[in-house]
>>> print(open('entry.txt').read())   # compact mmCIF, C-alpha atoms
# COMPACT_ATOMS: atom_id res chain seq x y z
CA MET A 1185 25.52 4.54 -22.92
CA THR A 1186 28.18 4.92 -25.54
CA GLY A 1187 27.72 7.01 -28.66
CA ALA A 1188 24.99 9.51 -29.50
CA LEU A 1189 21.31 8.66 -29.33
CA PRO A 1190 20.03 7.57 -32.74
CA GLU A 1191 18.21 10.15 -34.80
CA LEU A 1192 14.63 9.45 -35.79
CA ASP A 1193 13.68 9.52 -39.46
CA PRO A 1194 11.63 12.76 -39.85
CA VAL A 1195 9.53 11.28 -42.66
CA ILE A 1196 8.18 8.54 -40.39
CA HIS A 1197 8.38 10.55 -37.17
CA ALA A 1198 4.89 12.02 -37.50
CA GLN A 1199 1.93 10.23 -35.97
CA ALA A 1200 -0.10 9.88 -39.14
CA ARG A 1201 2.75 8.62 -41.31
CA LEU A 1202 3.98 6.28 -38.58
CA ARG A 1203 0.51 4.71 -38.56
CA VAL A 1204 0.50 4.40 -42.37
CA VAL A 1205 3.93 2.78 -42.49
CA SER A 1206 3.14 0.45 -39.53
CA ALA A 1207 0.02 -0.81 -41.29
CA LEU A 1208 1.80 -1.29 -44.63
CA ALA A 1209 4.70 -3.12 -42.95
CA THR A 1210 2.36 -5.97 -41.95
CA LEU A 1211 1.88 -6.85 -45.65
CA ARG A 1212 4.27 -9.24 -47.34
CA ALA A 1213 6.76 -7.73 -49.78
CA ASP A 1214 5.04 -7.22 -53.17
CA ASP A 1215 1.54 -7.34 -51.67
CA ARG A 1216 -0.43 -4.18 -52.43
CA ILE A 1217 -3.44 -2.95 -50.47
CA ALA A 1218 -6.38 -1.12 -52.02
CA PHE A 1219 -6.47 2.57 -51.06
CA PRO A 1220 -10.07 2.54 -49.67
CA ARG A 1221 -9.21 -0.48 -47.48
CA LEU A 1222 -6.12 1.24 -46.08
CA GLN A 1223 -8.17 4.38 -45.47
CA ASP A 1224 -10.78 2.31 -43.67
CA ILE A 1225 -8.21 0.54 -41.46
CA LEU A 1226 -6.44 3.80 -40.55
CA ARG A 1227 -9.71 5.75 -40.15
CA MET A 1228 -8.34 8.70 -42.15
CA THR A 1229 -10.07 10.84 -44.75
CA ALA A 1230 -9.11 10.16 -48.38
CA GLY A 1231 -7.57 13.63 -48.69
CA ASN A 1232 -5.54 13.28 -45.52
CA LEU A 1233 -4.24 9.83 -46.45
CA SER A 1234 -3.33 11.07 -49.96
CA VAL A 1235 -1.26 13.89 -48.50
CA HIS A 1236 0.73 11.52 -46.29
CA LEU A 1237 1.14 8.91 -49.02
CA ARG A 1238 2.54 11.64 -51.30
CA LYS A 1239 5.17 12.52 -48.70
CA LEU A 1240 6.08 8.87 -48.22
CA GLU A 1241 6.20 8.39 -51.99
CA ASP A 1242 8.51 11.39 -52.36
CA ALA A 1243 10.87 9.76 -49.85
CA GLY A 1244 10.73 6.52 -51.87
CA TYR A 1245 9.10 4.63 -48.97
CA VAL A 1246 5.82 3.70 -50.66
CA GLU A 1247 4.75 2.96 -54.20
CA VAL A 1248 1.27 3.99 -55.35
CA THR A 1249 -0.02 2.30 -58.51
CA LYS A 1250 -3.21 3.05 -60.39
CA THR A 1251 -4.70 0.01 -62.07
CA HIS A 1252 -8.00 -1.58 -63.03
CA GLN A 1253 -9.70 -4.45 -61.24
CA GLY A 1254 -12.16 -5.54 -63.90
CA ARG A 1255 -13.75 -2.27 -64.99
CA THR A 1256 -13.28 -0.31 -61.77
CA PRO A 1257 -10.16 1.79 -61.40
CA ALA A 1258 -8.19 0.88 -58.29
CA THR A 1259 -5.36 2.57 -56.44
CA LEU A 1260 -2.96 0.15 -54.78
CA VAL A 1261 -0.33 0.95 -52.19
CA ARG A 1262 2.72 -0.99 -51.09
CA LEU A 1263 5.75 -0.38 -48.90
CA THR A 1264 8.99 -0.36 -50.94
CA GLY A 1265 12.10 -2.23 -49.82
CA ARG A 1266 13.54 1.15 -48.86
CA GLY A 1267 10.41 1.94 -46.83
CA ARG A 1268 10.68 -1.36 -44.98
CA VAL A 1269 14.33 -0.71 -44.11
CA ALA A 1270 13.41 2.81 -42.92
CA PHE A 1271 10.60 1.39 -40.73
CA ASP A 1272 12.91 -1.28 -39.24
CA ASP A 1273 15.57 1.36 -38.56
CA TYR A 1274 12.94 3.61 -36.98
CA THR A 1275 11.68 0.91 -34.59
CA ALA A 1276 15.27 -0.07 -33.76
CA ALA A 1277 16.02 3.60 -32.98
CA LEU A 1278 12.92 3.81 -30.76
CA ARG A 1279 14.07 0.78 -28.78
CA ALA A 1280 17.56 2.22 -28.44
CA LEU A 1281 16.07 5.52 -27.22
CA LEU A 1282 13.84 3.70 -24.79
CA ASN A 1283 16.75 1.73 -23.34
CA GLY A 1284 18.85 4.91 -23.25
CA THR A 1285 16.29 6.89 -21.25
CA THR A 1286 15.69 3.96 -18.91
CA ASN A 1287 19.42 3.81 -18.22
CA LEU A 1288 19.53 7.55 -17.53
CA GLN A 1289 16.60 7.31 -15.14
CA GLU A 1290 18.29 4.50 -13.28
CA GLU A 1291 21.33 6.66 -12.55
CA PRO A 1292 21.20 8.28 -9.10
CA MET B 713 -7.93 14.39 -37.05
CA ASP B 714 -6.49 17.80 -37.98
CA ALA B 715 -3.79 17.64 -40.66
CA ASN B 716 -1.49 19.76 -38.48
CA ASP B 717 -1.84 17.40 -35.54
CA ASP B 718 -0.78 14.61 -37.88
CA GLU B 719 2.63 16.18 -38.27
CA LEU B 720 3.26 16.08 -34.53
CA PRO B 721 5.64 13.35 -33.47
CA PRO B 722 4.37 10.75 -31.00
CA LEU B 723 4.97 11.80 -27.39
CA ASP B 724 7.82 9.44 -26.51
CA PRO B 725 9.47 6.22 -27.73
CA ALA B 726 7.37 3.96 -25.52
CA GLU B 727 4.18 5.58 -26.81
CA SER B 728 5.45 5.21 -30.41
CA LEU B 729 6.13 1.50 -29.97
CA ARG B 730 2.65 1.03 -28.49
CA LEU B 731 1.16 2.95 -31.43
CA ILE B 732 3.02 0.69 -33.90
CA ALA B 733 1.92 -2.51 -32.11
CA ARG B 734 -1.70 -1.31 -31.93
CA GLU B 735 -1.79 -0.32 -35.61
CA GLN B 736 -0.19 -3.56 -36.78
CA ALA B 737 -2.53 -5.75 -34.71
CA ALA B 738 -5.52 -3.82 -36.06
CA THR B 739 -4.31 -4.19 -39.66
CA VAL B 740 -3.70 -7.95 -39.39
CA ARG B 741 -7.07 -8.41 -37.73
CA ARG B 742 -8.87 -6.43 -40.43
CA LEU B 743 -7.11 -8.08 -43.40
CA THR B 744 -7.18 -11.71 -42.24
CA PRO B 745 -10.46 -13.37 -43.24
CA ASP B 746 -12.47 -14.27 -40.15
CA PRO B 747 -11.67 -17.97 -39.50
CA ARG B 748 -15.19 -18.45 -38.17
CA LEU B 749 -16.59 -17.52 -41.60
CA LEU B 750 -14.18 -19.95 -43.27
CA LEU B 751 -14.73 -22.97 -40.99
CA TRP B 752 -18.15 -22.71 -39.34
CA PRO B 753 -20.19 -23.08 -42.56
CA TRP B 754 -18.33 -26.35 -43.27
CA GLY B 755 -18.64 -27.54 -39.68
CA LEU B 756 -22.40 -26.94 -39.75
CA ALA B 757 -22.72 -28.52 -43.21
CA TRP B 758 -21.00 -31.71 -41.96
CA LEU B 759 -22.93 -31.76 -38.70
CA VAL B 760 -26.27 -31.46 -40.48
CA GLY B 761 -25.43 -33.35 -43.70
CA PHE B 762 -23.72 -36.39 -42.17
CA GLY B 763 -26.14 -36.24 -39.23
CA VAL B 764 -29.07 -36.75 -41.62
CA PHE B 765 -27.08 -39.54 -43.31
CA PHE B 766 -26.63 -41.33 -39.98
CA LEU B 767 -30.35 -41.03 -39.14
CA ARG B 768 -31.43 -42.53 -42.49
CA PHE B 769 -28.56 -45.00 -43.09
CA GLY B 770 -27.61 -46.10 -39.56
CA PRO B 771 -25.24 -48.94 -38.62
CA GLY B 772 -26.38 -52.34 -39.89
CA GLY B 773 -29.00 -50.73 -42.13
CA ARG B 774 -30.99 -49.28 -39.21
CA VAL B 775 -33.33 -46.40 -40.06
CA TYR B 776 -33.61 -44.02 -37.10
CA VAL B 777 -35.71 -41.48 -38.97
CA ASP B 778 -37.71 -42.59 -41.97
CA MET B 779 -37.25 -40.36 -45.01
CA PRO B 780 -36.84 -40.83 -48.77
CA ASP B 781 -33.42 -42.37 -49.47
CA PHE B 782 -32.39 -39.53 -51.84
CA LEU B 783 -32.88 -36.93 -49.11
CA PRO B 784 -29.64 -37.35 -47.08
CA LEU B 785 -27.39 -36.90 -50.12
CA THR B 786 -29.48 -33.93 -51.31
CA VAL B 787 -29.21 -32.25 -47.88
CA LEU B 788 -25.47 -32.95 -47.67
CA LEU B 789 -24.75 -31.61 -51.16
CA ALA B 790 -26.92 -28.52 -50.59
CA ALA B 791 -25.19 -27.79 -47.26
CA ILE B 792 -21.74 -28.26 -48.79
CA THR B 793 -22.60 -26.06 -51.79
CA LEU B 794 -23.83 -23.33 -49.45
CA ALA B 795 -20.64 -23.57 -47.36
CA GLY B 796 -18.56 -23.40 -50.56
CA ILE B 797 -20.36 -20.25 -51.66
CA VAL B 798 -19.82 -18.57 -48.27
CA THR B 799 -16.09 -19.39 -48.12
CA GLY B 800 -15.64 -18.50 -51.81
CA PHE B 801 -17.23 -15.12 -51.14
CA VAL B 802 -15.05 -14.51 -48.05
CA GLY B 803 -11.91 -15.51 -49.95
CA ALA B 804 -12.74 -13.35 -52.96
CA ARG B 805 -13.37 -10.35 -50.70
CA ALA B 806 -9.95 -10.81 -49.06
CA GLY B 807 -8.41 -11.02 -52.55
CA ARG B 808 -9.92 -7.71 -53.59
CA GLN B 809 -8.41 -5.89 -50.61
CA VAL B 810 -4.83 -7.00 -51.05
CA SER B 811 -3.39 -8.06 -54.39
CA GLY B 812 -0.08 -9.80 -54.92
CA PRO B 813 1.52 -13.09 -53.87
CA THR B 814 -0.79 -13.63 -50.87
CA SER B 815 -4.03 -13.37 -52.83
CA ARG B 816 -2.55 -15.47 -55.66
CA GLN B 817 -1.77 -18.18 -53.10
CA GLY B 818 -5.32 -17.98 -51.78
CA ALA B 819 -6.85 -18.22 -55.27
CA MET B 820 -4.66 -21.20 -56.19
CA TYR B 821 -5.54 -22.95 -52.94
CA GLY B 822 -9.26 -22.35 -53.48
CA PHE B 823 -9.03 -23.63 -57.06
CA THR B 824 -7.22 -26.76 -55.81
CA TRP B 825 -10.27 -27.71 -53.71
CA SER B 826 -12.58 -27.46 -56.73
CA VAL B 827 -10.30 -29.49 -59.01
CA ALA B 828 -9.68 -32.19 -56.39
CA PHE B 829 -13.39 -32.64 -55.67
CA ILE B 830 -14.37 -32.71 -59.35
CA GLY B 831 -11.71 -35.38 -60.00
CA MET B 832 -13.00 -37.44 -57.08
CA ALA B 833 -16.65 -37.11 -58.13
CA VAL B 834 -15.92 -38.12 -61.75
CA LEU B 835 -14.14 -41.28 -60.61
CA LEU B 836 -16.57 -42.33 -57.88
CA SER B 837 -19.72 -41.76 -59.94
CA ARG B 838 -18.38 -44.38 -62.36
CA VAL B 839 -17.72 -47.09 -59.78
CA SER B 840 -20.14 -46.42 -56.91
CA GLU B 841 -23.20 -47.89 -58.67
CA LEU B 842 -21.47 -51.28 -58.69
CA LEU B 843 -21.62 -51.32 -54.87
CA PRO B 844 -24.47 -51.95 -52.42
CA VAL B 845 -25.97 -48.64 -51.21
CA PRO B 846 -24.34 -48.60 -47.72
CA ASP B 847 -20.89 -49.26 -49.20
CA ALA B 848 -21.41 -46.73 -51.99
CA ASN B 849 -22.33 -44.12 -49.35
CA LEU B 850 -19.23 -45.02 -47.35
CA LEU B 851 -17.07 -44.75 -50.47
CA TRP B 852 -18.34 -41.24 -51.26
CA ALA B 853 -18.23 -40.00 -47.68
CA GLY B 854 -14.86 -41.58 -46.88
CA ALA B 855 -13.21 -40.21 -50.04
CA MET B 856 -14.67 -36.75 -49.47
CA VAL B 857 -13.50 -36.63 -45.86
CA ALA B 858 -10.04 -38.01 -46.75
CA LEU B 859 -9.63 -35.30 -49.39
CA THR B 860 -10.84 -32.59 -46.99
CA GLY B 861 -8.41 -33.73 -44.28
CA ALA B 862 -5.49 -33.75 -46.74
CA LEU B 863 -6.39 -30.32 -48.18
CA HIS B 864 -6.68 -28.79 -44.70
CA MET B 865 -3.24 -30.22 -43.86
CA ALA B 866 -1.89 -28.73 -47.11
CA GLY B 867 -3.52 -25.42 -46.18
CA GLY B 868 -1.89 -25.55 -42.75
CA ALA B 869 1.48 -26.11 -44.44
CA LEU B 870 0.84 -23.32 -46.96
CA TRP B 871 -0.20 -20.65 -44.44
CA ASN B 872 2.04 -21.99 -41.64
CA ASP B 873 -1.18 -22.39 -39.63
CA ARG B 874 -0.92 -25.02 -36.88
CA VAL B 875 -4.63 -24.96 -36.00
CA LEU B 876 -5.58 -25.75 -39.60
CA TYR B 877 -2.92 -28.47 -39.82
CA VAL B 878 -4.10 -30.14 -36.61
CA LEU B 879 -7.68 -29.92 -37.90
CA GLY B 880 -6.57 -31.72 -41.09
CA ILE B 881 -4.86 -34.50 -39.12
CA SER B 882 -7.87 -34.89 -36.80
CA ILE B 883 -10.27 -35.17 -39.75
CA SER B 884 -8.01 -37.75 -41.41
CA VAL B 885 -7.83 -39.86 -38.23
CA VAL B 886 -11.58 -39.58 -37.56
CA ASN B 887 -12.19 -40.67 -41.16
CA VAL B 888 -10.03 -43.80 -40.86
CA VAL B 889 -11.66 -44.72 -37.53
CA GLY B 890 -15.14 -44.22 -39.05
CA ILE B 891 -14.31 -46.34 -42.10
CA ALA B 892 -13.03 -49.11 -39.81
CA LEU B 893 -16.29 -49.01 -37.83
CA GLY B 894 -18.24 -49.29 -41.09
CA PRO B 895 -21.22 -47.66 -42.83
CA GLY B 896 -23.52 -45.73 -40.51
CA TRP B 897 -20.94 -45.25 -37.77
CA HIS B 898 -18.75 -43.38 -40.22
CA ALA B 899 -21.49 -40.79 -40.81
CA LEU B 900 -21.94 -40.36 -37.06
CA VAL B 901 -18.26 -39.84 -36.15
CA VAL B 902 -17.68 -37.57 -39.15
CA ALA B 903 -20.75 -35.47 -38.26
CA VAL B 904 -19.90 -35.12 -34.57
CA LEU B 905 -16.08 -35.17 -34.49
CA GLY B 906 -15.36 -33.86 -38.02
CA GLY B 907 -18.05 -31.17 -38.10
CA GLY B 908 -17.50 -30.40 -34.41
CA GLY B 909 -13.74 -30.23 -35.01
CA MET B 910 -14.23 -27.56 -37.65
CA LEU B 911 -16.43 -25.51 -35.31
CA VAL B 912 -13.77 -25.77 -32.58
CA ALA B 913 -10.92 -24.95 -35.01
CA GLY B 914 -12.81 -21.87 -36.24
CA LEU B 915 -13.29 -20.69 -32.67
CA VAL B 916 -9.66 -21.34 -31.63
CA SER B 917 -8.28 -19.57 -34.73
CA TRP B 918 -10.55 -16.61 -34.07
CA LEU B 919 -9.49 -16.41 -30.40
CA ARG B 920 -5.83 -16.51 -31.45
CA MET B 921 -6.13 -13.52 -33.80
CA PRO B 922 -4.16 -10.47 -32.63
CA ARG B 923 -6.32 -7.92 -30.83
>>> encode(input="entry.txt", output="C-alpha cells")
Amino acid sequence: MTGALPELDPVIHAQARLRVVSALATLRADDRIAFPRLQDILRMTAGNLSVHLRKLEDAGYVEVTKTHQGRTPATLVRLTGRGRVAFDDYTAALRALLNGTTNLQEEP
Amino acid sequence: MDANDDELPPLDPAESLRLIAREQAATVRRLTPDPRLLLWPWGLAWLVGFGVFFLRFGPGGRVYVDMPDFLPLTVLLAAITLAGIVTGFVGARAGRQVSGPTSRQGAMYGFTWSVAFIGMAVLLSRVSELLPVPDANLLWAGAMVALTGALHMAGGALWNDRVLYVLGISISVVNVVGIALGPGWHALVVAVLGGGGMLVAGLVSWLRMPR
C-alpha cells in the first residue's frame, strides 16, 4: 500500500444516513421520491428520517422540496449532484479500505 | 431503531458495502412496478379473449362452441379494458411515488398506447364493414397485435429492457405467422403464443428483479 488510507465522509459514515443515501442513489438524477415512500422503504419513523435528511441537507447532499400533488401537500426528496459524488467517493473509499486491510492480513 | 444507534458507523468496510448493496436492491425492488401486474392481465386477456374468438370463429368458418357472434368481441374488449385499467392503476401508483423524468417517461409511454389504439380503431371501423366477417375479424386482431408488438419493442428500447423487447419481437412474429395461416388460426396462435408469451415474460422479468 502506498499513501494513507482514505478518510470516510463523516456525514455518510453513520448507518442510518448511509442507508438513506444508498436508497436515494438508485434514483436517476432529477427524480424525486415522496417522503412517505422513502420512509416505508427504509423502515424508519418520520421523525428519525427527518433528522437525518436535515443533516444531509445541511451538507448539501440532498434537496427536500415541499410541493402539492393535486390538493395533497407532498414532500419530495432527491440526491443532489454533490450528494452523488460524495456517495461515489464513499463507496470508492470503502473498497480501497477493504483492499488495504486484505493486503495487511496477507502479510506474514 | 434508537436515534443514537443511527449515528454509529457500520462495523467495517465489507459490512458497509453489503449494507449499501442490500439497501439498493430493496429500493429498486420496491420502486419498480411488479412486471407480473403489468403483463399478466394482458396475457390472460389475450388467452381468454382470442381463445373465445377461436372457439366461435375457427379455421374455415368452423364453430367449435356455439355462441352469439357478438360475444367473442365483447369478451375480448372487456378483458382488454380490464387489463388496461389494472396496468394504468399500477403505472399511476409508480408515478406518485417518484416524480421527475422517469415518471414523465412512463406517462408518455402509457399515453402513446391509448393514442395508437384510438387511431387504429377509428381507421378500421370505417373499412372493416366492407369485408366478410372472418376477414374483418382478422383485420382487427392482426392490426391490434401488430401495434402491441411494436409498442412492446418501443418500450423495451425506452427502458433498456431486453425481456420486453424480445416479447415485442415474439408477438410480431407470431402475428405474421397467424395472419399467413388465416382467420381462425390467427386467433389460436395469438391466444396461446401471444398471451402465453406475456405470462412467461412477466414471470421472467419478475424473477430477474434484484432481491
>>> interface_residues(input="entry.txt", of="chain B", to="chain A", cutoff="12 Å", atoms="only C-alpha atoms", output="ChimeraX atom specification")
/B:713-744,805-817
>>> residues_around(input="entry.txt", residues="Pro784 in chain B", least_positions_apart="5", cutoff="12 Å", atoms="only C-alpha atoms", output="PyMOL selection string")
chain B and resi 757-758+760-770+777-779+789-791+849+853+899
>>> atom_distance(input="entry.txt", atom1="CA of Gly1267 in chain A", atom2="CA of Leu1237 in chain A")
11.8 Å
>>> closest_residue(input="entry.txt", among="B:Leu794, B:Leu870, B:Val857, B:Leu836", to="Ile883 in chain B", atoms="all atoms listed in the file")
B:Val857
>>> atom_distance(input="entry.txt", atom1="CA of Leu919 in chain B", atom2="CA of Asp746 in chain B")
10.4 Å
>>> atom_distance(input="entry.txt", atom1="CA of Ala1270 in chain A", atom2="CA of Val1246 in chain A")
10.9 Å
>>> closest_residue(input="entry.txt", among="B:Pro747, B:Gly796, B:Gly803, B:Gly822", to="Ala913 in chain B", atoms="all atoms listed in the file")
B:Pro747
>>> closest_residue(input="entry.txt", among="B:Ala862, B:Val875, B:Leu911, B:Val889", to="Gly755 in chain B", atoms="all atoms listed in the file")
B:Leu911
